[in-house]
>>> print(open('final.pdb').read())   # PDB, C-alpha atoms and all ligand atoms
ATOM      1  CA  MET A   5       0.114 -21.693 -54.653
ATOM      2  CA  SER A   6       0.738 -21.916 -50.934
ATOM      3  CA  LEU A   7       4.359 -21.255 -50.048
ATOM      4  CA  LYS A   8       3.661 -21.787 -46.360
ATOM      5  CA  LYS A   9       2.595 -25.373 -47.045
ATOM      6  CA  ASP A  10       5.648 -26.131 -49.163
ATOM      7  CA  LEU A  11       8.019 -24.706 -46.544
ATOM      8  CA  LYS A  12       6.265 -26.169 -43.516
ATOM      9  CA  ASP A  13       9.162 -28.478 -42.610
ATOM     10  CA  LYS A  14      11.938 -26.069 -43.550
ATOM     11  CA  LEU A  15      11.060 -22.876 -41.690
ATOM     12  CA  SER A  16      10.291 -22.311 -38.022
ATOM     13  CA  GLU A  17       6.774 -21.425 -36.828
ATOM     14  CA  GLU A  18       7.883 -17.801 -36.409
ATOM     15  CA  GLU A  19       9.396 -17.668 -39.895
ATOM     16  CA  LEU A  20       6.300 -19.221 -41.437
ATOM     17  CA  LYS A  21       4.173 -16.504 -39.846
ATOM     18  CA  LEU A  22       6.278 -13.858 -41.614
ATOM     19  CA  LEU A  23       5.794 -15.480 -45.018
ATOM     20  CA  ARG A  24       2.992 -14.392 -47.339
ATOM     21  CA  ARG A  25       0.841 -17.385 -48.248
ATOM     22  CA  SER A  26       0.764 -16.834 -51.982
ATOM     23  CA  PHE A  27       2.813 -15.304 -54.758
ATOM     24  CA  GLU A  28       2.091 -14.351 -58.337
ATOM     25  CA  ILE A  29       3.291 -16.058 -61.472
ATOM     26  CA  ILE A  30       3.546 -13.974 -64.651
ATOM     27  CA  GLY A  31       4.757 -16.166 -67.536
ATOM     28  CA  ASN A  32       8.055 -17.589 -66.274
ATOM     29  CA  ILE A  33       8.515 -14.946 -63.591
ATOM     30  CA  ALA A  34       7.481 -15.464 -59.970
ATOM     31  CA  VAL A  35       6.751 -12.340 -57.952
ATOM     32  CA  VAL A  36       7.109 -12.896 -54.252
ATOM     33  CA  GLU A  37       7.075 -10.786 -51.096
ATOM     34  CA  ILE A  38       9.829 -11.658 -48.617
ATOM     35  CA  PRO A  39      10.202  -9.528 -45.490
ATOM     36  CA  ASP A  40      13.774  -8.437 -44.586
ATOM     37  CA  GLU A  41      13.791 -10.773 -41.570
ATOM     38  CA  LEU A  42      13.366 -13.762 -43.904
ATOM     39  CA  MET A  43      15.944 -12.818 -46.531
ATOM     40  CA  SER A  44      18.468 -15.225 -44.980
ATOM     41  CA  LYS A  45      16.066 -17.990 -46.082
ATOM     42  CA  LYS A  46      15.574 -16.666 -49.601
ATOM     43  CA  ASP A  47      17.298 -19.654 -51.267
ATOM     44  CA  LEU A  48      14.899 -22.058 -49.559
ATOM     45  CA  ILE A  49      11.965 -19.928 -50.721
ATOM     46  CA  ILE A  50      13.286 -19.772 -54.286
ATOM     47  CA  SER A  51      13.805 -23.572 -54.325
ATOM     48  CA  ALA A  52      10.266 -24.128 -53.097
ATOM     49  CA  ILE A  53       8.903 -21.958 -55.893
ATOM     50  CA  ILE A  54      10.951 -23.426 -58.717
ATOM     51  CA  SER A  55      10.489 -27.021 -57.663
ATOM     52  CA  ARG A  56       6.706 -26.632 -57.852
ATOM     53  CA  HIS A  57       6.644 -24.310 -60.875
ATOM     54  CA  LYS A  58       9.162 -25.689 -63.328
ATOM     55  CA  GLN A  59       8.511 -22.902 -65.833
ATOM     56  CA  VAL A  60       9.855 -20.231 -63.441
ATOM     57  CA  LYS A  61      13.153 -18.793 -64.680
ATOM     58  CA  THR A  62      13.228 -15.536 -62.705
ATOM     59  CA  VAL A  63      12.131 -14.638 -59.185
ATOM     60  CA  LEU A  64      11.402 -11.003 -58.362
ATOM     61  CA  ARG A  65      11.062  -9.844 -54.797
ATOM     62  CA  LYS A  66       8.545  -7.049 -54.464
ATOM     63  CA  ILE A  67      10.180  -4.310 -52.385
ATOM     64  CA  GLY A  68       7.717  -1.486 -52.948
ATOM     65  CA  GLU A  69       3.981  -1.345 -53.536
ATOM     66  CA  VAL A  70       2.487  -0.460 -56.933
ATOM     67  CA  ASN A  71       3.154   3.235 -57.098
ATOM     68  CA  GLY A  72       3.251   6.378 -59.242
ATOM     69  CA  ILE A  73       1.123   7.277 -62.211
ATOM     70  CA  PHE A  74       2.261   4.201 -64.192
ATOM     71  CA  ARG A  75       1.403   1.879 -61.272
ATOM     72  CA  VAL A  76       4.661  -0.080 -61.365
ATOM     73  CA  ALA A  77       5.930  -1.774 -58.212
ATOM     74  CA  ARG A  78       9.617  -1.855 -57.223
ATOM     75  CA  PHE A  79      11.375  -5.201 -57.445
ATOM     76  CA  GLU A  80      14.664  -6.809 -56.581
ATOM     77  CA  LYS A  81      15.759  -9.675 -58.813
ATOM     78  CA  ILE A  82      16.707 -12.565 -56.517
ATOM     79  CA  TYR A  83      16.956 -15.370 -59.082
ATOM     80  CA  GLY A  84      17.527 -15.567 -62.844
ATOM     81  CA  LYS A  85      18.216 -12.870 -65.424
ATOM     82  CA  GLU A  86      15.315 -12.052 -67.735
ATOM     83  CA  THR A  87      12.534  -9.744 -66.558
ATOM     84  CA  GLU A  88      10.606  -9.890 -69.846
ATOM     85  CA  THR A  89       8.235 -12.802 -70.238
ATOM     86  CA  ILE A  90       5.087 -14.023 -71.972
ATOM     87  CA  ALA A  91       2.013 -14.444 -69.771
ATOM     88  CA  LYS A  92      -0.704 -16.679 -71.188
ATOM     89  CA  GLU A  93      -4.432 -16.540 -70.482
ATOM     90  CA  HIS A  94      -7.649 -17.379 -72.355
ATOM     91  CA  GLY A  95      -5.705 -18.368 -75.488
ATOM     92  CA  CYS A  96      -3.897 -14.989 -75.527
ATOM     93  CA  LYS A  97      -0.229 -14.207 -74.996
ATOM     94  CA  PHE A  98       1.059 -11.056 -73.340
ATOM     95  CA  LEU A  99       4.659  -9.984 -73.702
ATOM     96  CA  VAL A 100       5.417  -7.978 -70.584
ATOM     97  CA  ASP A 101       8.174  -6.786 -68.264
ATOM     98  CA  PRO A 102       6.611  -6.334 -64.821
ATOM     99  CA  THR A 103       9.565  -4.176 -63.703
ATOM    100  CA  LYS A 104       8.592  -1.568 -66.315
ATOM    101  CA  VAL A 105       4.819  -1.787 -66.711
ATOM    102  CA  TYR A 106       1.773  -2.824 -64.703
ATOM    103  CA  PHE A 107       0.529  -6.357 -65.218
ATOM    104  CA  SER A 108      -1.432  -8.623 -62.907
ATOM    105  CA  SER A 109      -2.263 -12.215 -63.712
ATOM    106  CA  LYS A 110      -4.718 -12.066 -60.791
ATOM    107  CA  LEU A 111      -7.129 -10.082 -62.990
ATOM    108  CA  SER A 112      -7.344 -12.869 -65.553
ATOM    109  CA  GLY A 113     -10.744 -14.096 -64.330
ATOM    110  CA  GLU A 114     -12.140 -10.567 -64.398
ATOM    111  CA  ARG A 115     -10.950 -10.061 -67.971
ATOM    112  CA  GLU A 116     -12.778 -13.186 -69.053
ATOM    113  CA  ARG A 117     -15.930 -12.176 -67.158
ATOM    114  CA  VAL A 118     -16.120  -8.808 -68.918
ATOM    115  CA  ALA A 119     -15.193 -10.251 -72.318
ATOM    116  CA  ARG A 120     -18.102 -12.724 -72.088
ATOM    117  CA  LEU A 121     -20.521  -9.824 -71.573
ATOM    118  CA  VAL A 122     -19.519  -8.085 -74.788
ATOM    119  CA  GLY A 123     -22.138  -8.452 -77.517
ATOM    120  CA  LYS A 124     -21.684  -8.831 -81.262
ATOM    121  CA  GLY A 125     -20.739  -5.600 -83.020
ATOM    122  CA  GLU A 126     -20.000  -3.614 -79.853
ATOM    123  CA  ARG A 127     -17.649  -0.651 -79.821
ATOM    124  CA  VAL A 128     -15.593  -0.896 -76.620
ATOM    125  CA  LEU A 129     -13.231   1.583 -74.967
ATOM    126  CA  VAL A 130     -10.648   0.527 -72.382
ATOM    127  CA  MET A 131      -9.126   3.401 -70.404
ATOM    128  CA  PHE A 132      -5.767   2.730 -68.664
ATOM    129  CA  ALA A 133      -5.125  -0.217 -70.991
ATOM    130  CA  GLY A 134      -1.581  -1.183 -69.887
ATOM    131  CA  VAL A 135      -0.019  -3.800 -72.178
ATOM    132  CA  GLY A 136      -3.496  -4.554 -73.539
ATOM    133  CA  PRO A 137      -4.818  -7.552 -71.581
ATOM    134  CA  PHE A 138      -8.422  -6.297 -71.304
ATOM    135  CA  PRO A 139      -8.734  -5.146 -74.961
ATOM    136  CA  ILE A 140      -7.060  -8.259 -76.371
ATOM    137  CA  VAL A 141      -8.994 -10.796 -74.257
ATOM    138  CA  ILE A 142     -12.209  -8.976 -75.227
ATOM    139  CA  ALA A 143     -11.267  -9.109 -78.915
ATOM    140  CA  LYS A 144     -10.429 -12.831 -78.675
ATOM    141  CA  LEU A 145     -13.475 -13.971 -76.705
ATOM    142  CA  SER A 146     -16.183 -11.737 -78.177
ATOM    143  CA  LYS A 147     -17.458 -10.515 -81.517
ATOM    144  CA  ALA A 148     -16.815  -6.846 -80.722
ATOM    145  CA  LYS A 149     -16.543  -4.603 -83.760
ATOM    146  CA  GLU A 150     -13.793  -2.415 -82.352
ATOM    147  CA  VAL A 151     -11.819  -2.287 -79.084
ATOM    148  CA  ILE A 152      -9.811   0.860 -78.369
ATOM    149  CA  GLY A 153      -7.276   0.974 -75.516
ATOM    150  CA  ILE A 154      -5.658   4.156 -74.186
ATOM    151  CA  GLU A 155      -2.467   4.084 -72.123
ATOM    152  CA  LEU A 156      -0.097   6.793 -70.880
ATOM    153  CA  ASN A 157       3.080   4.767 -70.243
ATOM    154  CA  SER A 158       4.920   4.631 -73.590
ATOM    155  CA  VAL A 159       6.724   1.408 -72.612
ATOM    156  CA  ALA A 160       3.361  -0.251 -71.924
ATOM    157  CA  VAL A 161       2.016   1.043 -75.257
ATOM    158  CA  ASP A 162       4.976  -0.529 -77.089
ATOM    159  CA  TYR A 163       4.140  -3.870 -75.453
ATOM    160  CA  PHE A 164       0.440  -3.324 -76.197
ATOM    161  CA  LYS A 165       1.203  -2.844 -79.916
ATOM    162  CA  LYS A 166       3.425  -5.933 -79.946
ATOM    163  CA  ASN A 167       0.696  -7.908 -78.168
ATOM    164  CA  ILE A 168      -1.867  -6.893 -80.799
ATOM    165  CA  LYS A 169       0.455  -8.429 -83.423
ATOM    166  CA  ILE A 170       1.324 -11.534 -81.367
ATOM    167  CA  ASN A 171      -2.382 -12.269 -80.819
ATOM    168  CA  LYS A 172      -3.389 -11.386 -84.406
ATOM    169  CA  VAL A 173      -6.354  -9.309 -83.287
ATOM    170  CA  LYS A 174      -7.303  -6.981 -86.112
ATOM    171  CA  ASN A 175     -10.015  -4.976 -84.352
ATOM    172  CA  VAL A 176      -7.884  -3.624 -81.461
ATOM    173  CA  VAL A 177      -6.333  -0.155 -81.534
ATOM    174  CA  ALA A 178      -3.668   1.016 -79.042
ATOM    175  CA  ILE A 179      -3.509   4.759 -78.431
ATOM    176  CA  GLU A 180      -0.733   6.390 -76.428
ATOM    177  CA  GLY A 181      -1.731   9.332 -74.267
ATOM    178  CA  ASP A 182      -3.765  10.699 -71.393
ATOM    179  CA  VAL A 183      -7.410   9.591 -71.376
ATOM    180  CA  ALA A 184      -8.360  13.143 -70.326
ATOM    181  CA  GLU A 185      -6.962  14.523 -73.565
ATOM    182  CA  ILE A 186      -7.909  11.738 -75.933
ATOM    183  CA  ILE A 187     -11.477  10.801 -74.991
ATOM    184  CA  PRO A 188     -13.002  14.276 -75.551
ATOM    185  CA  LYS A 189     -11.751  14.103 -79.156
ATOM    186  CA  PHE A 190     -13.598  10.855 -79.956
ATOM    187  CA  GLU A 191     -16.590  11.051 -82.264
ATOM    188  CA  GLY A 192     -19.644   8.935 -81.527
ATOM    189  CA  LYS A 193     -20.448   6.712 -78.580
ATOM    190  CA  PHE A 194     -19.250   3.425 -77.135
ATOM    191  CA  ASP A 195     -21.390   0.483 -76.065
ATOM    192  CA  ARG A 196     -19.060  -0.211 -73.169
ATOM    193  CA  ILE A 197     -16.285   1.631 -71.350
ATOM    194  CA  LEU A 198     -13.888  -0.060 -68.930
ATOM    195  CA  MET A 199     -12.152   1.979 -66.219
ATOM    196  CA  PRO A 200      -9.586  -0.438 -64.730
ATOM    197  CA  ALA A 201      -7.579   2.070 -62.628
ATOM    198  CA  PRO A 202      -9.034   1.560 -59.171
ATOM    199  CA  TYR A 203      -6.870   4.089 -57.300
ATOM    200  CA  SER A 204      -8.244   7.287 -58.863
ATOM    201  CA  ALA A 205     -10.976   6.357 -61.297
ATOM    202  CA  ASP A 206     -13.299   8.986 -59.779
ATOM    203  CA  ASN A 207     -11.089  11.726 -61.311
ATOM    204  CA  PHE A 208     -11.935  10.426 -64.771
ATOM    205  CA  VAL A 209     -15.695   9.861 -64.465
ATOM    206  CA  HIS A 210     -16.554  13.148 -66.243
ATOM    207  CA  LEU A 211     -14.960  11.733 -69.408
ATOM    208  CA  VAL A 212     -17.725   9.179 -69.972
ATOM    209  CA  LYS A 213     -20.483  11.796 -70.207
ATOM    210  CA  ASN A 214     -22.160  11.576 -73.639
ATOM    211  CA  LYS A 215     -19.707   8.851 -74.660
ATOM    212  CA  VAL A 216     -21.838   5.767 -73.902
ATOM    213  CA  THR A 217     -25.042   4.680 -75.633
ATOM    214  CA  LYS A 218     -28.121   4.507 -73.390
ATOM    215  CA  GLY A 219     -28.323   0.978 -72.030
ATOM    216  CA  GLY A 220     -24.575   0.567 -72.518
ATOM    217  CA  PHE A 221     -22.224  -0.335 -69.673
ATOM    218  CA  ILE A 222     -19.347   1.095 -67.682
ATOM    219  CA  HIS A 223     -17.120  -1.320 -65.773
ATOM    220  CA  TYR A 224     -15.828   0.776 -62.905
ATOM    221  CA  TYR A 225     -12.985  -0.462 -60.659
ATOM    222  CA  THR A 226     -12.330   1.008 -57.254
ATOM    223  CA  PHE A 227     -10.781   0.230 -53.872
ATOM    224  CA  GLU A 228     -12.976   0.230 -50.794
ATOM    225  CA  SER A 229     -12.828  -0.931 -47.205
ATOM    226  CA  GLU A 230     -14.600  -4.209 -46.671
ATOM    227  CA  ASN A 231     -16.925  -2.724 -44.038
ATOM    228  CA  LEU A 232     -18.112  -0.037 -46.502
ATOM    229  CA  GLU A 233     -18.936  -2.497 -49.297
ATOM    230  CA  ASP A 234     -22.713  -2.252 -48.787
ATOM    231  CA  ARG A 235     -22.703   1.488 -49.377
ATOM    232  CA  LEU A 236     -20.388   1.363 -52.392
ATOM    233  CA  PRO A 237     -23.033   1.186 -55.167
ATOM    234  CA  GLN A 238     -24.784   4.302 -53.898
ATOM    235  CA  LYS A 239     -21.474   6.113 -53.411
ATOM    236  CA  VAL A 240     -20.405   5.338 -56.983
ATOM    237  CA  GLU A 241     -23.788   6.251 -58.482
ATOM    238  CA  GLU A 242     -23.486   9.605 -56.678
ATOM    239  CA  ILE A 243     -19.980  10.208 -58.028
ATOM    240  CA  PHE A 244     -21.331   9.707 -61.542
ATOM    241  CA  PHE A 245     -24.351  11.926 -60.848
ATOM    242  CA  ARG A 246     -22.079  14.745 -59.658
ATOM    243  CA  ASN A 247     -20.269  14.378 -62.976
ATOM    244  CA  GLY A 248     -23.518  14.720 -64.934
ATOM    245  CA  VAL A 249     -24.077  11.021 -65.651
ATOM    246  CA  ILE A 250     -26.939   8.794 -64.523
ATOM    247  CA  VAL A 251     -25.918   5.181 -63.958
ATOM    248  CA  LYS A 252     -27.467   2.258 -62.143
ATOM    249  CA  LYS A 253     -25.433  -0.516 -60.567
ATOM    250  CA  ARG A 254     -26.407  -3.862 -62.091
ATOM    251  CA  PHE A 255     -23.610  -5.978 -60.607
ATOM    252  CA  ILE A 256     -20.826  -5.678 -58.056
ATOM    253  CA  ARG A 257     -18.122  -8.080 -56.961
ATOM    254  CA  LYS A 258     -14.822  -8.139 -55.150
ATOM    255  CA  CYS A 259     -12.016  -8.814 -57.627
ATOM    256  CA  GLY A 260      -8.858  -8.670 -55.587
ATOM    257  CA  SER A 261      -7.464  -7.210 -52.430
ATOM    258  CA  PHE A 262      -5.279  -4.171 -51.958
ATOM    259  CA  ALA A 263      -4.455  -4.206 -48.260
ATOM    260  CA  PRO A 264      -5.873  -5.939 -45.192
ATOM    261  CA  TYR A 265      -9.633  -5.249 -45.250
ATOM    262  CA  VAL A 266      -9.353  -3.107 -48.395
ATOM    263  CA  ASN A 267     -10.544  -4.757 -51.600
ATOM    264  CA  ARG A 268     -10.688  -4.033 -55.282
ATOM    265  CA  TYR A 269     -14.301  -4.010 -56.484
ATOM    266  CA  VAL A 270     -15.797  -3.877 -59.934
ATOM    267  CA  LEU A 271     -19.208  -2.349 -60.501
ATOM    268  CA  ASP A 272     -21.059  -2.943 -63.762
ATOM    269  CA  LEU A 273     -23.004   0.288 -64.245
ATOM    270  CA  GLU A 274     -25.767   0.666 -66.803
ATOM    271  CA  TYR A 275     -25.601   4.042 -68.539
ATOM    272  CA  LEU A 276     -29.054   5.606 -68.317
ATOM    273  CA  GLY A 277     -28.302   9.112 -69.622
ATOM    274  CA  GLU A 278     -27.114  12.543 -68.655
ATOM    275  CA  VAL A 279     -28.309  14.717 -65.759
TER     276      VAL A 279
HETATM  277  C1  LIG A 301      -3.708  -0.414 -62.683
HETATM  278  S1  LIG A 301      -2.929  -0.230 -64.252
HETATM  279  C2  LIG A 301      -4.055  -1.189 -65.266
HETATM  280  C3  LIG A 301      -3.438  -1.672 -66.557
HETATM  281  C4  LIG A 301      -4.280  -2.673 -67.343
HETATM  282  N1  LIG A 301      -5.674  -2.275 -67.461
HETATM  283  C5  LIG A 301      -4.171  -4.068 -66.770
HETATM  284  O1  LIG A 301      -5.166  -4.561 -66.211
HETATM  285  O2  LIG A 301      -3.099  -4.669 -66.879
HETATM  286  C6  LIG A 301      -3.359   1.441 -64.684
HETATM  287  C7  LIG A 301      -2.701   1.930 -65.973
HETATM  288  O3  LIG A 301      -3.208   3.246 -66.278
HETATM  289  C8  LIG A 301      -2.170   4.014 -66.856
HETATM  290  N2  LIG A 301      -2.561   5.426 -66.693
HETATM  291  C9  LIG A 301      -2.492   6.190 -65.568
HETATM  292  N3  LIG A 301      -3.006   7.409 -65.791
HETATM  293  C10 LIG A 301      -3.430   7.427 -67.088
HETATM  294  C11 LIG A 301      -4.072   8.402 -67.893
HETATM  295  N4  LIG A 301      -4.381   9.609 -67.416
HETATM  296  N5  LIG A 301      -4.391   8.084 -69.174
HETATM  297  C12 LIG A 301      -4.076   6.850 -69.669
HETATM  298  N6  LIG A 301      -3.479   5.877 -68.947
HETATM  299  C13 LIG A 301      -3.156   6.156 -67.668
HETATM  300  C14 LIG A 301      -0.914   3.577 -66.107
HETATM  301  O4  LIG A 301       0.258   3.824 -66.842
HETATM  302  C15 LIG A 301      -1.175   2.068 -65.910
HETATM  303  O5  LIG A 301      -0.621   1.311 -66.956
END
>>> encode(input="final.pdb", output="structure tokens")
Amino acid sequence: MSLKKDLKDKLSEEELKLLRRSFEIIGNIAVVEIPDELMSKKDLIISAIISRHKQVKTVLRKIGEVNGIFRVARFEKIYGKETETIAKEHGCKFLVDPTKVYFSSKLSGERERVARLVGKGERVLVMFAGVGPFPIVIAKLSKAKEVIGIELNSVAVDYFKKNIKINKVKNVVAIEGDVAEIIPKFEGKFDRILMPAPYSADNFVHLVKNKVTKGGFIHYYTFESENLEDRLPQKVEEIFFRNGVIVKKRFIRKCGSFAPYVNRYVLDLEYLGEV
């Protein structure tokens, strides 16, 4: 989805340099970053997007980074009316309003990757579940017994509950609340816990202690500078150790970028026991 290519003959060299190469499509909404200096060319940019992506009915300009506890970015609507849409991936549909809740279609490949790892009969917990994309893709693509998602933003939980119905997944449960209050109350253990909140996941590591079966997995998401990638597995294993949990990294990969030279990484950690 290269905007630069599509606008090559319409913008000057200088203007092209200011333009971000790609943008995100969520259902029939395009999310684009346009610097102030290029706003006089916004109609050309919008035309380029909608002529290539006929399904786009609304264009949102991102004017503030993902922020706050609910991780919602600030947007300015520059085309169309509706900000609620249905994003489709892996045979699932997600009703979502990106101006009110976090959603990223860029994590679609990661959701499928994790879902394919889930074994028959597993009990899975998804912290920070948002509108439910991880739990619902897991339920659709695996034979998990139960998938529980916890989310703090009540608007996201409403969408999550609607998405459970839309996707007809019977083994998914949406719980509204703070993971720090809810997880300690759970009985029994999970085979797998996902922690898809890369900005502060280390504050929640203590919650997994005694909650995962030995040999089970934690999928831990975090941001790290590219030049520190090699040391990341050890750093994360130490964070868990300090929280009383012994884990071993079995897999690591970059799954997105956050800023220049800062990436989102996922580490698949095998749960070996408690300290
Ligand atoms: C980066 S978003 C990820 C959402 C979802 N996993 C996805 O991929 O679309 C992090 C989410 O965690 C939620 N959140 C933040 N703190 C929380 C907490 N203490 N307990 C539960 N959810 C929380 C936010 O509201 C936000 O929806």
>>> resolve_selection(input="final.pdb", expression="the PyMOL selection byres (((chain A and resi 36-50) around 6) and not hetatm)", output="list in words")
Phe27, Val35, Ser51, Ala52, Ile53, Arg65 and Lys66 of chain A
>>> write_last_selection(input="final.pdb", atoms="C-alpha atoms", output="compact mmCIF listing (two decimals), in the frame of the given file")
# COMPACT_ATOMS: atom_id res chain seq x y z
CA PHE A 27 2.81 -15.30 -54.76
CA VAL A 35 6.75 -12.34 -57.95
CA SER A 51 13.80 -23.57 -54.32
CA ALA A 52 10.27 -24.13 -53.10
CA ILE A 53 8.90 -21.96 -55.89
CA ARG A 65 11.06 -9.84 -54.80
CA LYS A 66 8.54 -7.05 -54.46
>>> closest_residue(input="final.pdb", among="A:Phe244, A:Phe138, A:Phe79, A:Tyr275", to="Phe194 (chain A)", atoms="all atoms listed in the file")
A:Tyr275
>>> residues_near_ligand(input="final.pdb", ligand="ligand LIG 301 (chain A)", cutoff="6 Å", atoms="all atoms listed in the file", output="PyMOL selection string")
chain A and resi 73-75+106-108+132-134+137+154-157+181-183+200-201
>>> atom_distance(input="final.pdb", atom1="CA of Gln59 (chain A)", atom2="CA of Lys92 (chain A)")
12.3 Å
>>> resolve_selection(input="final.pdb", expression="the PyMOL selection byres (((chain A and resi 169-174) around 8) and not hetatm)", output="ChimeraX atom specification")
/A:96-97,140,143-144,165-168,175-176
>>> residues_around(input="final.pdb", residues="Ala160 (chain A)", least_positions_apart="2", cutoff="7 Å", atoms="only C-alpha atoms", output="list in words")
Val105, Gly134, Val135, Asn157, Ser158, Asp162, Tyr163 and Phe164 of chain A
>>> residues_around(input="final.pdb", residues="Lys239 (chain A)", least_positions_apart="3", cutoff="12 Å", atoms="all atoms listed in the file", output="compact mmCIF listing (two decimals) with C-alpha atoms, in the coordinates of the input")
# COMPACT_ATOMS: atom_id res chain seq x y z
CA ASP A 206 -13.30 8.99 -59.78
CA THR A 226 -12.33 1.01 -57.25
CA GLU A 228 -12.98 0.23 -50.79
CA LEU A 232 -18.11 -0.04 -46.50
CA GLU A 233 -18.94 -2.50 -49.30
CA ASP A 234 -22.71 -2.25 -48.79
CA ARG A 235 -22.70 1.49 -49.38
CA LEU A 236 -20.39 1.36 -52.39
CA GLU A 242 -23.49 9.60 -56.68
CA ILE A 243 -19.98 10.21 -58.03
CA PHE A 244 -21.33 9.71 -61.54
CA PHE A 245 -24.35 11.93 -60.85
CA ARG A 246 -22.08 14.74 -59.66
CA VAL A 251 -25.92 5.18 -63.96
CA LYS A 252 -27.47 2.26 -62.14
CA LYS A 253 -25.43 -0.52 -60.57
CA LEU A 271 -19.21 -2.35 -60.50
>>> resolve_selection(input="final.pdb", expression="the PyMOL selection byres (((chain A and resi 84) around 6) and not hetatm)", output="ChimeraX atom specification")
/A:61-62,83,85
>>> atom_distance(input="final.pdb", atom1="CA of Thr103 (chain A)", atom2="CA of Val161 (chain A)")
14.8 Å
>>> atom_distance(input="final.pdb", atom1="CA of Ser26 (chain A)", atom2="CA of Asn231 (chain A)")
24.0 Å
>>> build_atoms(input="final.pdb", residues="region 242-254 of chain A", atoms="N, CA and C atoms", output="PDB file, in the coordinates of the input")
ATOM      1  N   GLU A 242     -23.514   8.165 -56.996  1.00  0.00           N
ATOM      2  CA  GLU A 242     -23.486   9.605 -56.678  1.00  0.00           C
ATOM      3  C   GLU A 242     -22.291  10.305 -57.323  1.00  0.00           C
ATOM      4  N   ILE A 243     -21.159   9.613 -57.358  1.00  0.00           N
ATOM      5  CA  ILE A 243     -19.980  10.208 -58.028  1.00  0.00           C
ATOM      6  C   ILE A 243     -20.314  10.483 -59.502  1.00  0.00           C
ATOM      7  N   PHE A 244     -20.959   9.518 -60.128  1.00  0.00           N
ATOM      8  CA  PHE A 244     -21.331   9.707 -61.542  1.00  0.00           C
ATOM      9  C   PHE A 244     -22.344  10.849 -61.675  1.00  0.00           C
ATOM     10  N   PHE A 245     -23.314  10.888 -60.778  1.00  0.00           N
ATOM     11  CA  PHE A 245     -24.351  11.926 -60.848  1.00  0.00           C
ATOM     12  C   PHE A 245     -23.712  13.313 -60.749  1.00  0.00           C
ATOM     13  N   ARG A 246     -22.774  13.448 -59.815  1.00  0.00           N
ATOM     14  CA  ARG A 246     -22.079  14.745 -59.658  1.00  0.00           C
ATOM     15  C   ARG A 246     -21.313  15.123 -60.921  1.00  0.00           C
ATOM     16  N   ASN A 247     -20.972  14.122 -61.716  1.00  0.00           N
ATOM     17  CA  ASN A 247     -20.269  14.378 -62.976  1.00  0.00           C
ATOM     18  C   ASN A 247     -21.230  14.421 -64.166  1.00  0.00           C
ATOM     19  N   GLY A 248     -22.534  14.520 -63.867  1.00  0.00           N
ATOM     20  CA  GLY A 248     -23.518  14.720 -64.934  1.00  0.00           C
ATOM     21  C   GLY A 248     -23.976  13.455 -65.629  1.00  0.00           C
ATOM     22  N   VAL A 249     -23.756  12.298 -64.997  1.00  0.00           N
ATOM     23  CA  VAL A 249     -24.077  11.021 -65.651  1.00  0.00           C
ATOM     24  C   VAL A 249     -24.980  10.182 -64.742  1.00  0.00           C
ATOM     25  N   ILE A 250     -26.046   9.651 -65.323  1.00  0.00           N
ATOM     26  CA  ILE A 250     -26.939   8.794 -64.523  1.00  0.00           C
ATOM     27  C   ILE A 250     -26.610   7.333 -64.837  1.00  0.00           C
ATOM     28  N   VAL A 251     -26.203   6.615 -63.787  1.00  0.00           N
ATOM     29  CA  VAL A 251     -25.918   5.181 -63.958  1.00  0.00           C
ATOM     30  C   VAL A 251     -26.643   4.401 -62.874  1.00  0.00           C
ATOM     31  N   LYS A 252     -26.858   3.129 -63.153  1.00  0.00           N
ATOM     32  CA  LYS A 252     -27.467   2.258 -62.143  1.00  0.00           C
ATOM     33  C   LYS A 252     -26.591   1.014 -62.017  1.00  0.00           C
ATOM     34  N   LYS A 253     -26.242   0.687 -60.783  1.00  0.00           N
ATOM     35  CA  LYS A 253     -25.433  -0.516 -60.567  1.00  0.00           C
ATOM     36  C   LYS A 253     -26.258  -1.758 -60.896  1.00  0.00           C
ATOM     37  N   ARG A 254     -25.720  -2.597 -61.762  1.00  0.00           N
ATOM     38  CA  ARG A 254     -26.407  -3.862 -62.091  1.00  0.00           C
ATOM     39  C   ARG A 254     -25.691  -5.059 -61.503  1.00  0.00           C
TER      40      ARG A 254
END
